[in-house]
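Asks: File follows, final-v6.pdb with PDB, C-alpha atoms:
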ATOM      1  CA  MET A 209    -104.072 138.887 -46.569
ATOM      2  CA  ARG A 210    -104.926 135.189 -46.989
ATOM      3  CA  LYS A 211    -103.807 134.429 -43.425
ATOM      4  CA  LYS A 212    -105.951 137.250 -42.052
ATOM      5  CA  ILE A 213    -109.037 135.996 -43.884
ATOM      6  CA  LEU A 214    -108.457 132.435 -42.686
ATOM      7  CA  PHE A 215    -107.947 133.703 -39.140
ATOM      8  CA  ALA A 216    -111.229 135.655 -39.294
ATOM      9  CA  LEU A 217    -113.139 132.656 -40.672
ATOM     10  CA  LYS A 218    -111.720 130.424 -37.928
ATOM     11  CA  ALA A 219    -112.452 133.020 -35.258
ATOM     12  CA  ILE A 220    -116.115 133.248 -36.260
ATOM     13  CA  ALA A 221    -116.438 129.446 -36.355
ATOM     14  CA  VAL A 222    -114.793 129.081 -32.943
ATOM     15  CA  ILE A 223    -116.933 131.834 -31.411
ATOM     16  CA  ILE A 224    -120.052 130.018 -32.615
ATOM     17  CA  MET A 225    -118.835 126.687 -31.214
ATOM     18  CA  LEU A 226    -117.772 128.190 -27.882
ATOM     19  CA  GLN A 227    -121.041 130.104 -27.564
ATOM     20  CA  THR A 228    -123.027 126.865 -27.832
ATOM     21  CA  LEU A 229    -120.967 125.278 -25.045
ATOM     22  CA  PHE A 230    -122.817 127.311 -22.423
ATOM     23  CA  PHE A 231    -126.095 125.721 -23.513
ATOM     24  CA  LYS A 232    -124.612 122.227 -23.688
ATOM     25  CA  PHE A 233    -122.785 122.305 -20.354
ATOM     26  CA  SER A 234    -125.540 124.115 -18.426
ATOM     27  CA  ALA A 235    -128.197 121.662 -19.655
ATOM     28  CA  ALA A 236    -130.313 124.443 -21.123
ATOM     29  CA  ASN A 237    -133.791 123.253 -22.066
ATOM     30  CA  GLN A 238    -133.230 123.841 -25.805
ATOM     31  CA  SER A 239    -130.023 121.814 -25.772
ATOM     32  CA  VAL A 240    -131.463 118.959 -23.714
ATOM     33  CA  GLU A 241    -134.515 118.780 -25.973
ATOM     34  CA  LEU A 242    -132.405 118.772 -29.141
ATOM     35  CA  PHE A 243    -130.058 116.029 -27.934
ATOM     36  CA  THR A 244    -132.967 113.995 -26.515
ATOM     37  CA  LYS A 245    -134.492 113.868 -30.002
ATOM     38  CA  ILE A 246    -131.194 112.496 -31.301
ATOM     39  CA  ALA A 247    -129.985 110.245 -28.473
ATOM     40  CA  GLY A 248    -133.032 109.552 -26.323
ATOM     41  CA  GLU A 249    -132.166 108.654 -22.746
ATOM     42  CA  HIS A 250    -128.434 108.990 -23.504
ATOM     43  CA  GLU A 251    -128.852 112.685 -24.294
ATOM     44  CA  ALA A 252    -126.474 113.883 -21.557
ATOM     45  CA  TYR A 253    -123.591 111.729 -22.815
ATOM     46  CA  LEU A 254    -123.942 113.005 -26.377
ATOM     47  CA  ARG A 255    -124.532 116.613 -25.318
ATOM     48  CA  ILE A 256    -121.561 116.806 -22.959
ATOM     49  CA  GLY A 257    -119.329 114.649 -25.169
ATOM     50  CA  THR A 258    -120.041 116.859 -28.157
ATOM     51  CA  GLY A 259    -119.292 119.929 -26.058
ATOM     52  CA  ILE A 260    -115.946 118.519 -24.926
ATOM     53  CA  ILE A 261    -114.945 117.651 -28.491
ATOM     54  CA  GLU A 262    -115.969 121.121 -29.709
ATOM     55  CA  LEU A 263    -113.931 122.744 -26.938
ATOM     56  CA  ILE A 264    -110.818 120.716 -27.783
ATOM     57  CA  ALA A 265    -111.293 121.323 -31.516
ATOM     58  CA  SER A 266    -111.699 125.067 -30.910
ATOM     59  CA  ILE A 267    -108.398 125.203 -29.040
ATOM     60  CA  LEU A 268    -106.589 123.106 -31.644
ATOM     61  CA  LEU A 269    -107.845 125.273 -34.509
ATOM     62  CA  PHE A 270    -105.657 128.069 -33.152
ATOM     63  CA  THR A 271    -102.483 126.063 -32.597
ATOM     64  CA  SER A 272    -100.263 126.408 -35.649
ATOM     65  CA  LYS A 273     -98.878 122.898 -35.441
ATOM     66  CA  ASN A 274    -102.180 121.092 -34.838
ATOM     67  CA  SER A 275    -104.812 123.240 -36.517
ATOM     68  CA  TRP A 276    -105.342 120.413 -39.013
ATOM     69  CA  LEU A 277    -106.358 118.130 -36.126
ATOM     70  CA  GLY A 278    -108.813 120.735 -34.817
ATOM     71  CA  ALA A 279    -110.237 121.059 -38.328
ATOM     72  CA  PHE A 280    -110.530 117.270 -38.642
ATOM     73  CA  MET A 281    -112.336 117.019 -35.287
ATOM     74  CA  THR A 282    -114.601 119.914 -36.247
ATOM     75  CA  LEU A 283    -115.497 118.211 -39.538
ATOM     76  CA  GLY A 284    -116.549 115.122 -37.604
ATOM     77  CA  VAL A 285    -118.706 116.984 -35.098
ATOM     78  CA  MET A 286    -120.313 119.193 -37.725
ATOM     79  CA  SER A 287    -120.974 116.194 -39.975
ATOM     80  CA  GLY A 288    -122.960 114.716 -37.104
ATOM     81  CA  ALA A 289    -124.802 117.999 -36.558
ATOM     82  CA  ILE A 290    -125.658 118.358 -40.244
ATOM     83  CA  LEU A 291    -126.798 114.738 -40.547
ATOM     84  CA  GLY A 292    -128.823 115.075 -37.348
ATOM     85  CA  HIS A 293    -130.624 118.084 -38.777
ATOM     86  CA  ILE A 294    -131.255 116.423 -42.121
ATOM     87  CA  THR A 295    -132.450 113.070 -40.742
ATOM     88  CA  ILE A 296    -134.044 113.786 -37.344
ATOM     89  CA  LEU A 297    -134.301 117.441 -36.361
ATOM     90  CA  GLU A 298    -135.164 119.051 -39.708
ATOM     91  CA  ILE A 299    -133.387 122.101 -41.097
ATOM     92  CA  SER A 300    -135.438 124.539 -39.038
ATOM     93  CA  HIS A 301    -135.414 123.253 -35.470
ATOM     94  CA  ASN A 302    -137.722 124.932 -32.923
ATOM     95  CA  ASN A 303    -138.617 127.615 -35.467
ATOM     96  CA  ASP A 304    -135.041 128.928 -35.611
ATOM     97  CA  GLY A 305    -135.276 129.442 -39.366
ATOM     98  CA  GLY A 306    -132.413 127.018 -39.926
ATOM     99  CA  LEU A 307    -129.945 129.050 -37.852
ATOM    100  CA  LEU A 308    -128.361 126.052 -36.092
ATOM    101  CA  PHE A 309    -128.182 124.115 -39.355
ATOM    102  CA  GLY A 310    -126.655 127.098 -41.169
ATOM    103  CA  ALA A 311    -124.084 127.557 -38.405
ATOM    104  CA  ALA A 312    -123.129 123.878 -38.656
ATOM    105  CA  VAL A 313    -122.729 124.156 -42.439
ATOM    106  CA  TYR A 314    -120.625 127.329 -42.089
ATOM    107  CA  ILE A 315    -118.368 125.730 -39.466
ATOM    108  CA  PHE A 316    -118.051 122.579 -41.606
ATOM    109  CA  ILE A 317    -116.941 124.640 -44.625
ATOM    110  CA  VAL A 318    -114.424 126.622 -42.553
ATOM    111  CA  ALA A 319    -113.008 123.394 -41.097
ATOM    112  CA  LEU A 320    -112.694 121.944 -44.599
ATOM    113  CA  VAL A 321    -110.857 125.064 -45.799
ATOM    114  CA  VAL A 322    -108.496 124.894 -42.800
ATOM    115  CA  LEU A 323    -107.859 121.186 -43.368
ATOM    116  CA  ILE A 324    -107.070 121.740 -47.043
ATOM    117  CA  ASN A 325    -104.873 124.708 -46.160
ATOM    118  CA  GLN A 326    -102.989 122.680 -43.514
ATOM    119  CA  ARG A 327    -102.851 119.384 -45.430
ATOM    120  CA  LYS A 328     -99.038 119.324 -45.558
ATOM    121  CA  LYS A 329     -98.901 119.305 -41.734
ATOM    122  CA  ILE A 330    -101.056 116.182 -41.382
ATOM    123  CA  PHE A 331     -99.093 113.475 -39.612
ATOM    124  CA  ILE A 332     -97.871 110.757 -42.059
ATOM    125  CA  LEU A 333    -100.187 111.811 -44.934
ATOM    126  CA  GLY A 334     -98.912 115.387 -45.221
ATOM    127  CA  LYS A 335     -95.840 114.631 -47.264
ATOM    128  CA  HIS A 336     -97.987 113.029 -49.973
ATOM    129  CA  PHE A 337    -100.200 116.088 -50.597
TER
END
Please, can you express the file's structure as structure tokens?
Replies:
Amino acid sequence: MRKKILFALKAIAVIIMLQTLFFKFSAANQSVELFTKIAGEHEAYLRIGTGIIELIASILLFTSKNSWLGAFMTLGVMSGAILGHITILEISHNNDGGLLFGAAVYIFIVALVVLINQRKKIFILGKHF
């Protein structure tokens, strides 16, 4: 039962991350505007770089041997998203009612749960947990 719940939580998080890739990679106006507020003229590098990291993390989250690495990468990306919302974008960006921020928080929590669950598989550190 625990594995099924964790799988469902990961699946929802990955679907959210993969769904946002379309907007990042197609340079949708909303995505360009959001990343321009954060990175200015370097918006494209951050937008595409973030998308690539999210894609890799999404794949790794579903590999049994390296799901901890996907979770670790996801924590990093979502930390940036959460901090960006808190410091620059505000919780509710473009009148979305905090949807993007809430999604980032949800994905962060799922990644943390996966990382804790997979802690024994972490290279070098795993044997100490």
Asks: When distances are computed from all atoms listed in the file, which of A:Ile324, A:Ile256, A:Ile315, A:Leu268 shows the smallest separation from Phe231 in chain A?
Replies: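 Nearest candidate to Phe231 in chain A out of A:Ile324, A:Ile256, A:Ile315, A:Leu268: A:Ile256.
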Asks: My list of candidates is A:Leu320, A:Ile290, A:Val285, A:Ala252. Which is closest to Gly306 in chain A when distances are computed with all atoms listed in the file?
Replies: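 Nearest to Gly306 in chain A: A:Ile290.
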Asks: Run the PyMOL selection byres ((chain A and resi 232) around 12) on the file and write out the hits as a PyMOL selection string.
Replies: chain A and resi 225-231+233-243+251-263
Asks: I need the residue set behind the PyMOL selection byres ((chain A and resi 297) around 12) for this file; please write it as a list in words.
Replies: Glu241, Leu242, Phe243, Thr244, Lys245, Ile246, Ala247, Gly288, Ala289, Ile290, Leu291, Gly292, His293, Ile294, Thr295, Ile296, Glu298, Ile299, Ser300, His301, Asn302, Asn303, Asp304, Gly306, Leu308 and Phe309 of chain A
Asks: Quick one: pull the distance between CA of Met209 in chain A and CA of Ser272 in chain A, Å, one decimal.
Replies: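 Interatomic distance here is 17.0 Å.
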Asks: If the PyMOL selection byres ((chain A and resi 277) around 10) is run on the structure shown, which residues does it catch, given as a list in words?
Replies: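 Applied to this file, the PyMOL selection byres ((chain A and resi 277) around 10) selects Ile264, Ala265, Leu268, Leu269, Thr271, Lys273, Asn274, Ser275, Trp276, Gly278, Ala279, Phe280, Met281, Thr282, Leu283, Ala319, Val322, Leu323, Gln326, Lys329, Ile330 and Phe331 of chain A.
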Asks: Tell me which of A:Gly284, A:Val321, A:His250, A:Ala312 sits closest to Lys218 in chain A, counting all atoms listed in the file.
Replies: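 Nearest to Lys218 in chain A: A:Val321.
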Asks: Go through A:Tyr314, A:Gly305, A:Ser287, A:Asn325 and flag the residue nearest Val222 in chain A, using only C-alpha atoms for the distances.
Replies: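 Among A:Tyr314, A:Gly305, A:Ser287, A:Asn325, it is A:Tyr314 that comes nearest to Val222 in chain A.
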Asks: Which is closest to Val313 in chain A among A:Ser266, A:Gly248, A:Lys211, A:Met286, if we use only C-alpha atoms?
Replies: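 Distance minimum relative to Val313 in chain A lands on A:Met286.
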Asks: In terms of the shortest atom-to-atom distance over all atoms listed in the file, which of A:Ile267, A:Val318, A:Ala311, A:Lys328 is closest to Phe215 in chain A?
Replies: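 Among A:Ile267, A:Val318, A:Ala311, A:Lys328, it is A:Val318 that comes nearest to Phe215 in chain A.
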Asks: Any idea what the distance is between CA of Gly310 in chain A and CA of Ala219 in chain A?
Replies: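 Between CA of Gly310 in chain A and CA of Ala219 in chain A the gap is 16.5 Å.
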